[in-house]
Amino acid sequence: MIAPGETIGILGGGQLGRMIAMAAAQLGYRCHVYAPEADAIAADVCAQFTCAAWDDAAAMAAFAADCAVVTYEFENVPVAPLAALGDTPLLAHARALETAQDRLVEKRFVAELGGTPAPFMPVDTPADLAAAVAAIGAPGILKTRRDGYDGKGQWRIMTPGDAATLHLPATALIYEGFVDFFAEFSVILCRGADGDIRFFDSAHNVHENGILDTSTLPAPADLQAQVSAARDLAGKVAAALDYVGVLTLEFFATAHGPVFNEMAPRVHNSGHWTIEGAITSQFENHVRAICGLPLGDTRLAAKGVVMRNLIGDDVHDWQAILADPANHLHLYGKAAARPGRKMGHVTRLVLD
Ligand code: AMP
């Protein structure tokens with residue numbers, strides 16, 4: 001067990017790290033952020049900040065020496081440099097990172113455990129793409145295998161003709177069939193070091209331009225009917241990875257049951273509602289899990305919850321949001337409100 005007063009290392013300096021650090025502080029831990037960018041917003045709420053490149057082995061080793069345990073808030077942390085952490089435990093284990101960093105590896109892994117992803121084929125050349133579109137059909141989505149997020153690194157292929165004219169980026173790709181879904185949801189679980197698993201309620205997630213816009217609970221009945229099968233799969237993924245901490249799997253709810261989209265080996269935007277809306281937040285439970293503490297109750301703390309992301313210029317509405325006393329406003333302290341950038345979120349509880 002890692003007792004309060006010890007230091008938790010966080011790889012990545014964004015809003016997820018910031019909210020992990022805030023939950024850790026409530027339990028009496030210190031946090032040390034490691035991030036390559038100088039303006040890491042997680043560092044604003046942490047005792048220590050190492051600003052260094054991922055492959056700076058000396059900086060990584062010095063960081064590890066200051067930490068009792070290391071976690072990550074960003075799934076694209078390069079894995080090889082993490083060898084410099086030495087004996088300091090990394091939770092969740094690096095295998096979760098390796099699996100989630102490559103869409104092809106991730107989909108094969110989940111399919112082997114009995115999950116249903118959209119039909120997919122790897123694409124490295126224009127001939128591969130033509131073959132994939134012929135086998136899977138169009139419409140479909142071509143995605144980079146690595147480094148994509150929030151709909152970035154994706155190209156919609158509406159017809160085989162689109163595939164023929166597309167200039168392929170020089171990186172490994174995957175072609176997926178377009179899923180005919182009626183809703184999107186995620187399963188967010190927390191697994192303790194002892195294998196104890198707690199599931200948070202699944203919200204109905206609505207995306208705009210590939211970016212999460214709202215998460216609403218309770219989800220409609222037709223979506224809730226798919227949660228049990230999705231949880232079964234998520235529990236298998238967590239057990240297979242000997243996972244410790246919060247793990248997220250995203251799903252499409254379809255007429256044929258849940259279709260796996262992707263996993264994130266970390267706390268997740270679609271779980272921000274848990275800060276006020278669950279008895280224990282995803283951030284606190286993640287800290288509890290990686291420190292070997294008992295997990296907290298994940299049940300809803302209200303009749304319902306709505307979380308809305310503040311993207312880009314939405315952040316300028318902060319005064320109007322605060323004018324309604326029922327709103328819980330979270331601002332991440334980012335300097336520039338670029339289009340598509342997650343600047344904060346606002347949560348409302350439904351109490352009666
Ligand atoms: P991703 O980054 O893969 O989660 O994709 C972002 C969003 O694009 C998803 O939340 C969906 O709304 C949409 N999307 C991604 N893949 C598919 C697919 N195979 N079929 C239909 N919609 C998709």
# chains A, B, ... in the order shown; residues from 1 in each chain; ligands from 1
$ residues_near_ligand --ligand "ligand 1" --cutoff "9 Å" --atoms "only C-alpha atoms and all ligand atoms" --output "VMD selection string"
chain A and resid 103 117 to 120 139 to 143 148 to 154 175 to 181 183 to 185 205 to 212 250 to 252 261 to 263
$ write_last_selection --atoms "C-alpha atoms" --output "short mmCIF file (atom, residue, chain, number, x, y, z; two decimals), in the first residue's frame"
data_model
loop_
_atom_site.label_atom_id
_atom_site.label_comp_id
_atom_site.auth_asym_id
_atom_site.auth_seq_id
_atom_site.Cartn_x
_atom_site.Cartn_y
_atom_site.Cartn_z
CA ARG A 103 -5.96 0.37 -33.11
CA PRO A 117 -15.44 -4.52 -33.19
CA ALA A 118 -16.52 -3.01 -36.51
CA PRO A 119 -15.11 -5.10 -39.40
CA PHE A 120 -11.51 -3.96 -39.90
CA PRO A 139 -19.08 3.71 -46.24
CA GLY A 140 -16.20 3.20 -43.86
CA ILE A 141 -13.55 5.13 -41.97
CA LEU A 142 -9.83 5.06 -42.59
CA LYS A 143 -7.93 5.79 -39.37
CA GLY A 148 -5.43 9.52 -33.33
CA TYR A 149 -7.84 11.08 -30.85
CA ASP A 150 -11.04 13.12 -30.88
CA GLY A 151 -11.69 12.17 -34.50
CA LYS A 152 -8.20 13.32 -35.63
CA GLY A 153 -6.35 11.13 -38.14
CA GLN A 154 -9.61 9.87 -39.69
CA TYR A 175 -9.96 0.66 -42.46
CA GLU A 176 -13.16 0.09 -40.48
CA GLY A 177 -16.68 -0.49 -41.70
CA PHE A 178 -19.11 2.27 -40.76
CA VAL A 179 -21.21 1.15 -37.79
CA ASP A 180 -24.94 1.82 -37.96
CA PHE A 181 -25.44 2.75 -34.32
CA ALA A 183 -26.23 5.66 -29.56
CA GLU A 184 -22.73 5.71 -28.10
CA PHE A 185 -21.74 4.81 -24.56
CA ASN A 205 -22.44 9.98 -24.90
CA VAL A 206 -23.16 12.37 -27.78
CA HIS A 207 -20.25 13.46 -29.99
CA GLU A 208 -20.02 16.55 -32.22
CA ASN A 209 -17.37 16.50 -34.96
CA GLY A 210 -15.75 13.44 -33.36
CA ILE A 211 -15.43 15.15 -29.95
CA LEU A 212 -17.50 14.28 -26.90
CA GLU A 250 -16.14 2.93 -25.79
CA PHE A 251 -19.04 1.23 -27.56
CA PHE A 252 -21.62 1.79 -30.27
CA ASN A 261 -14.98 1.13 -30.71
CA GLU A 262 -11.83 1.75 -28.70
CA MET A 263 -10.32 1.56 -25.25
#
$ closest_atom_pairs --of "stretch 179-209 of chain A" --to "stretch 229-236 of chain A" --cutoff "12 Å" --atoms "only C-alpha atoms" --output "tab-separated table"
residue	atom	partner	partner_atom	distance
A:Glu184	CA	A:Ala230	CA	11.8
A:Phe185	CA	A:Ala230	CA	9.6
A:Ser186	CA	A:Ala230	CA	8.5
A:Val187	CA	A:Arg231	CA	6.4
A:Ile188	CA	A:Ala234	CA	8.3
A:Leu189	CA	A:Ala234	CA	7.8
A:Cys190	CA	A:Gly235	CA	9.6
A:Arg191	CA	A:Gly235	CA	8.8
A:Gly195	CA	A:Gly235	CA	10.0
A:Asp196	CA	A:Gly235	CA	10.2
A:Ile197	CA	A:Gly235	CA	7.6
A:Arg198	CA	A:Gly235	CA	9.5
A:Phe199	CA	A:Arg231	CA	7.8
A:Phe200	CA	A:Arg231	CA	10.0
A:Asp201	CA	A:Arg231	CA	10.3
A:Ser202	CA	A:Arg231	CA	9.6
$ write_last_selection --atoms "C-alpha atoms" --output "PDB file, in the first residue's frame"
ATOM      1  CA  GLU A 184     -22.727   5.715 -28.103  1.00  0.00           C
ATOM      2  CA  PHE A 185     -21.739   4.810 -24.563  1.00  0.00           C
ATOM      3  CA  SER A 186     -18.703   3.840 -22.572  1.00  0.00           C
ATOM      4  CA  VAL A 187     -17.986   1.378 -19.818  1.00  0.00           C
ATOM      5  CA  ILE A 188     -15.738   2.896 -17.168  1.00  0.00           C
ATOM      6  CA  LEU A 189     -14.472   0.505 -14.542  1.00  0.00           C
ATOM      7  CA  CYS A 190     -11.959   0.617 -11.754  1.00  0.00           C
ATOM      8  CA  ARG A 191      -9.963  -2.509 -10.894  1.00  0.00           C
ATOM      9  CA  GLY A 195      -8.783  -7.795  -8.741  1.00  0.00           C
ATOM     10  CA  ASP A 196     -11.895  -6.134  -7.265  1.00  0.00           C
ATOM     11  CA  ILE A 197     -13.820  -4.428 -10.106  1.00  0.00           C
ATOM     12  CA  ARG A 198     -16.339  -1.594  -9.757  1.00  0.00           C
ATOM     13  CA  PHE A 199     -18.290  -0.271 -12.736  1.00  0.00           C
ATOM     14  CA  PHE A 200     -19.578   3.266 -13.046  1.00  0.00           C
ATOM     15  CA  ASP A 201     -23.008   3.775 -14.595  1.00  0.00           C
ATOM     16  CA  SER A 202     -22.818   4.108 -18.380  1.00  0.00           C
TER      17      SER A 202
END
$ select_by_dssp --residues "stretch 134-321 of chain A" --states "alpha helix (DSSP H)" --output "PyMOL selection string"
chain A and resi 134-136+160-165+221-224+227-240+274-277+282-290+318-321
$ atom_distance --atom1 "atom CA of A:Gln319" --atom2 "atom CA of A:Gly304"
24.0 Å
$ closest_residue --among "A:Leu168, A:Arg95, A:Asp194, A:Arg348" --to "A:Ala240" --atoms "only C-alpha atoms"
A:Arg95
$ closest_residue --among "A:Leu217, A:Val69, A:Ala38, A:Ala264" --to "A:Leu91" --atoms "only C-alpha atoms"
A:Val69
$ select_by_dssp --residues "stretch 262-303 of chain A" --states "strand (DSSP E or B)" --output "mmCIF file with C-alpha atoms, in the first residue's frame"
data_model
loop_
_atom_site.group_PDB
_atom_site.id
_atom_site.type_symbol
_atom_site.label_atom_id
_atom_site.label_comp_id
_atom_site.auth_asym_id
_atom_site.auth_seq_id
_atom_site.Cartn_x
_atom_site.Cartn_y
_atom_site.Cartn_z
ATOM 1 C CA GLU A 262 -11.828 1.750 -28.700
ATOM 2 C CA MET A 263 -10.324 1.565 -25.250
ATOM 3 C CA ALA A 264 -8.490 4.115 -23.150
ATOM 4 C CA ALA A 278 -21.075 9.444 -8.379
ATOM 5 C CA LEU A 300 -24.899 7.478 -8.852
#
$ residues_around --residues "A:Thr171" --least-positions-apart "3" --cutoff "10 Å" --atoms "only C-alpha atoms" --output "PyMOL selection string"
chain A and resi 123-125+143-146+168
$ write_last_selection --atoms "N, CA, C and O atoms" --output "short mmCIF file (atom, residue, chain, number, x, y, z; two decimals), in the first residue's frame"
data_model
loop_
_atom_site.label_atom_id
_atom_site.label_comp_id
_atom_site.auth_asym_id
_atom_site.auth_seq_id
_atom_site.Cartn_x
_atom_site.Cartn_y
_atom_site.Cartn_z
N VAL A 123 -4.22 -1.30 -43.33
CA VAL A 123 -3.97 -0.67 -44.64
C VAL A 123 -2.60 0.02 -44.58
O VAL A 123 -2.37 0.87 -43.73
N ASP A 124 -1.72 -0.40 -45.51
CA ASP A 124 -0.42 0.28 -45.61
C ASP A 124 -0.20 0.88 -46.99
O ASP A 124 0.67 1.73 -47.16
N THR A 125 -0.96 0.42 -47.96
CA THR A 125 -0.75 0.88 -49.35
C THR A 125 -2.12 1.16 -49.99
O THR A 125 -3.15 0.67 -49.51
N LYS A 143 -8.50 5.12 -40.55
CA LYS A 143 -7.93 5.79 -39.37
C LYS A 143 -6.44 5.48 -39.27
O LYS A 143 -6.01 4.39 -39.68
N THR A 144 -5.69 6.40 -38.69
CA THR A 144 -4.30 6.07 -38.37
C THR A 144 -4.34 5.04 -37.24
O THR A 144 -5.20 5.11 -36.35
N ARG A 145 -3.40 4.06 -37.31
CA ARG A 145 -3.39 3.06 -36.24
C ARG A 145 -2.96 3.68 -34.91
O ARG A 145 -3.43 3.28 -33.85
N ARG A 146 -2.08 4.66 -34.98
CA ARG A 146 -1.53 5.28 -33.77
C ARG A 146 -1.84 6.78 -33.74
O ARG A 146 -2.03 7.41 -34.78
N LEU A 168 -2.91 8.71 -49.51
CA LEU A 168 -2.70 8.08 -48.20
C LEU A 168 -1.57 8.73 -47.42
O LEU A 168 -0.50 8.96 -47.98
#
$ residues_around --residues "A:Glu6" --least-positions-apart "5" --cutoff "8 Å" --atoms "only C-alpha atoms" --output "PyMOL selection string"
chain A and resi 29-30+67-68
$ closest_residue --among "A:Leu241, A:Gly161, A:His204, A:Thr298" --to "A:Ala94" --atoms "only C-alpha atoms"
A:Leu241
$ decode --residues "stretch 15-158 of chain A" --atoms "C-alpha atoms" --output "short mmCIF file (atom, residue, chain, number, x, y, z; two decimals), in the first residue's frame"
data_model
loop_
_atom_site.label_atom_id
_atom_site.label_comp_id
_atom_site.auth_asym_id
_atom_site.auth_seq_id
_atom_site.Cartn_x
_atom_site.Cartn_y
_atom_site.Cartn_z
CA GLN A 15 -6.72 18.06 -17.71
CA LEU A 16 -6.97 14.37 -16.83
CA GLY A 17 -3.70 14.59 -14.89
CA ARG A 18 -4.90 17.79 -13.30
CA MET A 19 -8.08 16.11 -12.05
CA ILE A 20 -6.18 13.01 -10.87
CA ALA A 21 -3.86 15.31 -8.89
CA MET A 22 -6.80 17.17 -7.35
CA ALA A 23 -8.34 13.87 -6.19
CA ALA A 24 -4.95 12.69 -4.91
CA ALA A 25 -4.52 15.90 -2.93
CA GLN A 26 -7.86 15.29 -1.22
CA LEU A 27 -6.47 11.97 0.02
CA GLY A 28 -3.26 13.60 1.23
CA TYR A 29 -0.91 12.56 -1.59
CA ARG A 30 1.62 14.77 -3.36
CA CYS A 31 1.82 14.61 -7.13
CA HIS A 32 4.72 15.01 -9.52
CA VAL A 33 3.87 15.60 -13.18
CA TYR A 34 6.16 14.63 -16.05
CA ALA A 35 5.31 16.23 -19.38
CA PRO A 36 7.20 17.53 -22.40
CA GLU A 37 5.21 20.75 -22.69
CA ALA A 38 6.17 23.75 -20.52
CA ASP A 39 2.56 24.93 -20.10
CA ALA A 40 1.27 21.60 -18.68
CA ILE A 41 -1.95 22.52 -16.87
CA ALA A 42 -1.66 19.54 -14.51
CA ALA A 43 1.53 21.05 -13.12
CA ASP A 44 -0.45 24.04 -11.81
CA VAL A 45 -1.94 21.80 -9.09
CA CYS A 46 1.06 19.56 -8.38
CA ALA A 47 3.98 19.86 -5.96
CA GLN A 48 6.59 18.95 -8.57
CA PHE A 49 6.90 19.29 -12.32
CA THR A 50 9.50 17.72 -14.56
CA CYS A 51 9.37 19.29 -18.00
CA ALA A 52 11.39 16.97 -20.22
CA ALA A 53 11.15 14.94 -23.41
CA TRP A 54 9.72 11.42 -23.09
CA ASP A 55 13.06 9.91 -24.07
CA ASP A 56 15.15 11.88 -21.55
CA ALA A 57 16.24 8.82 -19.53
CA ALA A 58 18.03 10.85 -16.82
CA ALA A 59 14.97 13.04 -16.22
CA MET A 60 12.67 9.98 -16.21
CA ALA A 61 14.89 8.18 -13.69
CA ALA A 62 15.05 11.23 -11.39
CA PHE A 63 11.26 11.55 -11.62
CA ALA A 64 10.82 7.87 -10.72
CA ALA A 65 13.16 8.26 -7.75
CA ASP A 66 10.79 10.90 -6.32
CA CYS A 67 7.64 8.76 -6.78
CA ALA A 68 6.17 5.80 -4.90
CA VAL A 69 4.05 4.85 -7.93
CA VAL A 70 3.69 6.23 -11.46
CA THR A 71 0.52 6.42 -13.53
CA TYR A 72 -0.39 8.08 -16.83
CA GLU A 73 -3.17 10.33 -18.04
CA PHE A 74 -2.24 10.12 -21.73
CA GLU A 75 -2.29 6.83 -23.63
CA ASN A 76 0.25 7.86 -26.24
CA VAL A 77 3.17 8.06 -23.81
CA PRO A 78 5.96 6.19 -25.66
CA VAL A 79 6.54 2.85 -23.95
CA ALA A 80 10.29 2.25 -24.51
CA PRO A 81 11.50 5.23 -22.38
CA LEU A 82 9.46 3.92 -19.43
CA ALA A 83 12.25 1.39 -18.78
CA ALA A 84 13.97 4.33 -17.02
CA LEU A 85 11.31 4.14 -14.29
CA GLY A 86 13.32 1.20 -12.92
CA ASP A 87 11.74 -0.35 -9.83
CA THR A 88 9.06 2.30 -9.37
CA PRO A 89 5.77 0.58 -10.25
CA LEU A 90 3.84 1.80 -13.29
CA LEU A 91 0.06 1.38 -13.00
CA ALA A 92 -1.75 0.54 -15.14
CA HIS A 93 0.97 -1.79 -16.53
CA ALA A 94 2.76 -0.87 -19.76
CA ARG A 95 0.98 -3.70 -21.59
CA ALA A 96 -2.26 -1.71 -21.38
CA LEU A 97 -0.50 1.21 -23.08
CA GLU A 98 0.97 -1.03 -25.79
CA THR A 99 -2.44 -2.54 -26.50
CA ALA A 100 -4.34 0.73 -26.61
CA GLN A 101 -1.76 2.65 -28.65
CA ASP A 102 -2.39 0.69 -31.84
CA ARG A 103 -5.96 0.37 -33.11
CA LEU A 104 -5.12 -2.87 -34.93
CA VAL A 105 -3.55 -4.55 -31.88
CA GLU A 106 -6.41 -3.27 -29.71
CA LYS A 107 -9.18 -4.59 -31.98
CA ARG A 108 -7.51 -8.00 -32.39
CA PHE A 109 -7.02 -8.26 -28.62
CA VAL A 110 -10.65 -7.40 -27.90
CA ALA A 111 -11.95 -9.71 -30.64
CA GLU A 112 -9.94 -12.60 -29.14
CA LEU A 113 -11.68 -11.99 -25.83
CA GLY A 114 -15.07 -12.34 -27.54
CA GLY A 115 -15.78 -8.66 -28.28
CA THR A 116 -17.29 -7.39 -31.53
CA PRO A 117 -15.44 -4.52 -33.19
CA ALA A 118 -16.52 -3.01 -36.51
CA PRO A 119 -15.11 -5.10 -39.40
CA PHE A 120 -11.51 -3.96 -39.90
CA MET A 121 -8.42 -4.52 -42.05
CA PRO A 122 -4.91 -3.08 -41.83
CA VAL A 123 -3.97 -0.67 -44.64
CA ASP A 124 -0.42 0.28 -45.61
CA THR A 125 -0.75 0.88 -49.35
CA PRO A 126 -3.42 2.12 -51.83
CA ALA A 127 -3.85 -1.52 -52.94
CA ASP A 128 -4.57 -2.55 -49.33
CA LEU A 129 -7.20 0.19 -49.11
CA ALA A 130 -8.88 -0.92 -52.33
CA ALA A 131 -8.89 -4.52 -51.03
CA ALA A 132 -10.28 -3.45 -47.64
CA VAL A 133 -13.07 -1.39 -49.22
CA ALA A 134 -13.90 -4.30 -51.53
CA ALA A 135 -14.02 -6.76 -48.61
CA ILE A 136 -15.71 -4.59 -45.95
CA GLY A 137 -17.68 -2.21 -48.18
CA ALA A 138 -18.29 1.51 -48.05
CA PRO A 139 -19.08 3.71 -46.24
CA GLY A 140 -16.20 3.20 -43.86
CA ILE A 141 -13.55 5.13 -41.97
CA LEU A 142 -9.83 5.06 -42.59
CA LYS A 143 -7.93 5.79 -39.37
CA THR A 144 -4.30 6.07 -38.37
CA ARG A 145 -3.39 3.06 -36.24
CA ARG A 146 -1.53 5.28 -33.77
CA ASP A 147 -1.85 8.76 -32.27
CA GLY A 148 -5.43 9.52 -33.33
CA TYR A 149 -7.84 11.08 -30.85
CA ASP A 150 -11.04 13.12 -30.88
CA GLY A 151 -11.69 12.17 -34.50
CA LYS A 152 -8.20 13.32 -35.63
CA GLY A 153 -6.35 11.13 -38.14
CA GLN A 154 -9.61 9.87 -39.69
CA TRP A 155 -10.99 9.97 -43.23
CA ARG A 156 -14.53 8.97 -44.17
CA ILE A 157 -14.77 6.88 -47.33
CA MET A 158 -18.30 7.13 -48.69
#
